[in-house]
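To start, the structure under review is shown below, and the notes come after it.
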Amino acid sequence: MYRYPRPVSAFGRFVLLMSEMVVRPERLAVIWRRTLEEAVLIGTDSVFIVGLVATFIGAVTCVQIAYNLVNPLIPQSMVGYMVREMTILELAPTIISIVLAGKVGSSIAGVLGTMRITEQISALDAMGINSASYLVLPRILAAMFVFPMLVILAMNLSILGGFVASQVSGIMSAADYIEGIRFDFKPYTVLFALIKSVVFAFLVTATSAYKGYSVHGGALEVGAAGTAAVTNSIIAILLADYALAAVLL
């Protein structure tokens, strides 16, 4: 009997899981309630780490750009401009999504993997509940709703972190930094970052849910599924980052 290569077989099972959760979905009221519950968990538990990472990314970016920008013909306001562009286009959506892949992705894979090996998912199926729709779909919808808000928070805190760093270290005046932030602003860059965050949210939650949902074995396999979920999510984010930049910019 012909066997497909493991990556092809895994992708096929992934597609089947994604189709299963929408072909016979649970009632809208159930999906809505579960989505709100997951959104609260993802959002409230991630605000601190997102804020901390974004603030220090902005501060470090500002200091390093100012250190390397020594040409007297380039105005100091370009530091604020470069911090803004780097933050909106790449650092906020991509780095924050990678951080969330480690936090949210591993949690989703661990929870679903534990439910699988303890036969809780099998019990849901036995009761006539579409376990994929009940467990996976709300997590994906919640992440696609929450990730953009976390990225917007990261954008603001990163730019603010750069401002604070520029003042504390005496690199430049506040007026120059603010002038750079305002210079040649294109609203489309914010839209592009939000599109990326929605795509990354789907990739992180769908990949992690698949890894946890398809676990077989015991506690050791659950741990391996969590590690694989984070690794595969990060790879998917980087590939999608390049593809979106090539298509939308």
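Naming works like this for the structure tokens: A, B, ... for the chains as they're shown, residue 1 at the start of each chain, ligands 1 onward in shown order.
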
If you run DSSP on this backbone, which residues of segment 185-228 of chain A come out as helix (DSSP H, G or I), and could you give them as a ChimeraX atom specification?
/A:188-213,219-228

- Contacts of segment 32-46 of chain A at 7 Å or less, counting only C-alpha atoms, minus same-chain residues fewer than 2 places along, as a ChimeraX atom specification? /A:28-30,48-50,104,138-139,141-143,146

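You can rank A:Ala225, A:Ile140, A:Leu100, A:Met78 by their closest distance to Ala175 of chain A using only C-alpha atoms, and at the top of that list sits A:Met78.
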
All residues 12 Å or closer to Arg116 of chain A, only C-alpha atoms, same chain fewer than 6 positions away omitted, as a ChimeraX atom specification: /A:109-110,122-125,131-132,135,209-219,221-222,225

message = Counting only C-alpha atoms, which residue out of A:Phe163, A:Tyr67, A:Phe14, A:Phe200 sits closest to Ile178 of chain A?
response =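 Looking at the shortest contact to Ile178 of chain A, the residue is A:Phe163.
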
- Could you pull the residues within 6 Å of segment 154-162 of chain A, counting only C-alpha atoms, minus those fewer than 3 positions along the same chain, as a list in words?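 Residues meeting the cut-off are Ala54, Thr55, Gly58, Ala59, Cys62, Ala92, Val151 and Ala165 of chain A.
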
Taking N, CA and C atoms for each residue, export the selection above as a short mmCIF file (atom, residue, chain, number, x, y, z; two decimals), in the first residue's frame.
```cif
data_model
loop_
_atom_site.label_atom_id
_atom_site.label_comp_id
_atom_site.auth_asym_id
_atom_site.auth_seq_id
_atom_site.Cartn_x
_atom_site.Cartn_y
_atom_site.Cartn_z
N ALA A 54 7.43 44.77 23.88
CA ALA A 54 7.31 45.88 22.93
C ALA A 54 8.05 47.12 23.42
N THR A 55 7.92 47.44 24.71
CA THR A 55 8.58 48.63 25.24
C THR A 55 10.09 48.55 25.10
N GLY A 58 11.30 48.78 21.41
CA GLY A 58 11.34 50.16 20.95
C GLY A 58 12.52 50.92 21.52
N ALA A 59 12.80 50.71 22.80
CA ALA A 59 13.92 51.41 23.44
C ALA A 59 15.25 50.98 22.84
N CYS A 62 15.68 52.29 19.22
CA CYS A 62 16.01 53.71 19.19
C CYS A 62 17.49 53.94 19.52
N ALA A 92 6.46 44.94 15.65
CA ALA A 92 5.24 44.71 16.42
C ALA A 92 4.48 43.48 15.96
N VAL A 151 -1.23 43.70 18.97
CA VAL A 151 -0.24 44.31 18.08
C VAL A 151 -0.36 45.84 18.12
N ALA A 165 13.54 56.13 25.90
CA ALA A 165 14.97 55.83 25.81
C ALA A 165 15.74 57.02 25.25
#
```

### Task
Kindly indicate which residue among A:Glu179, A:Met144, A:Thr94, A:Ala66 lies nearest to Ala245 of chain A, using only C-alpha atoms for the distances.
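Smallest separation from Ala245 of chain A among the options: A:Thr94.
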
Let me make sure I understand: among A:Ile117, A:Ile234, A:Leu89, A:Val198, which one has the smallest atom-to-atom distance to Phe147 of chain A if we use only C-alpha atoms?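 Smallest distance to Phe147 of chain A is found for A:Val198.
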
(message) At a cut-off of 12 Å, using only C-alpha atoms, what residues contact Asn68 of chain A? Leave out same-chain residues fewer than 6 positions from it and give the result as a PyMOL selection string.
(response) chain A and resi 61-62+74+76+78-79+171

Atoms kept (C-alpha atoms) for selection, written as a compact mmCIF listing (two decimals), in the first residue's frame:
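out-v4.txt, freshly written:
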```txt
# COMPACT_ATOMS: atom_id res chain seq x y z
CA THR A 61 15.85 49.98 18.50
CA CYS A 62 16.01 53.71 19.19
CA ILE A 74 21.07 63.02 8.26
CA GLN A 76 18.24 63.30 14.14
CA MET A 78 15.20 60.17 11.24
CA VAL A 79 15.71 58.10 14.40
CA ILE A 171 20.30 61.00 22.37
```

Inset, instruction - Go through A:Leu17, A:Tyr81, A:Ala229, A:Phe183 one by one, measure the shortest atom-to-atom distance of each to Ser107 of chain A using only C-alpha atoms, and give the residue with the smallest value. - result: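 Closest to Ser107 of chain A, using only C-alpha atoms: A:Ala229.
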
- Message: Using only C-alpha atoms for the distances, tell me which of A:Ile121, A:Val83, A:Val63, A:Leu248 is nearest to Gly170 of chain A.
- Response: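 The closest residue to Gly170 of chain A is A:Val63.
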
Just give me the gap between atom CA of Val23 of chain A and atom CA of Leu137 of chain A in Å, one decimal is fine.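 Interatomic distance, atom CA of Val23 of chain A to atom CA of Leu137 of chain A: 11.4 Å.
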
Item to complete: Quote the spacing between atom CA of Gly102 of chain A and atom CA of Leu238 of chain A in Å to one decimal place.
Response: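 For atom CA of Gly102 of chain A relative to atom CA of Leu238 of chain A, the distance reads 14.1 Å.
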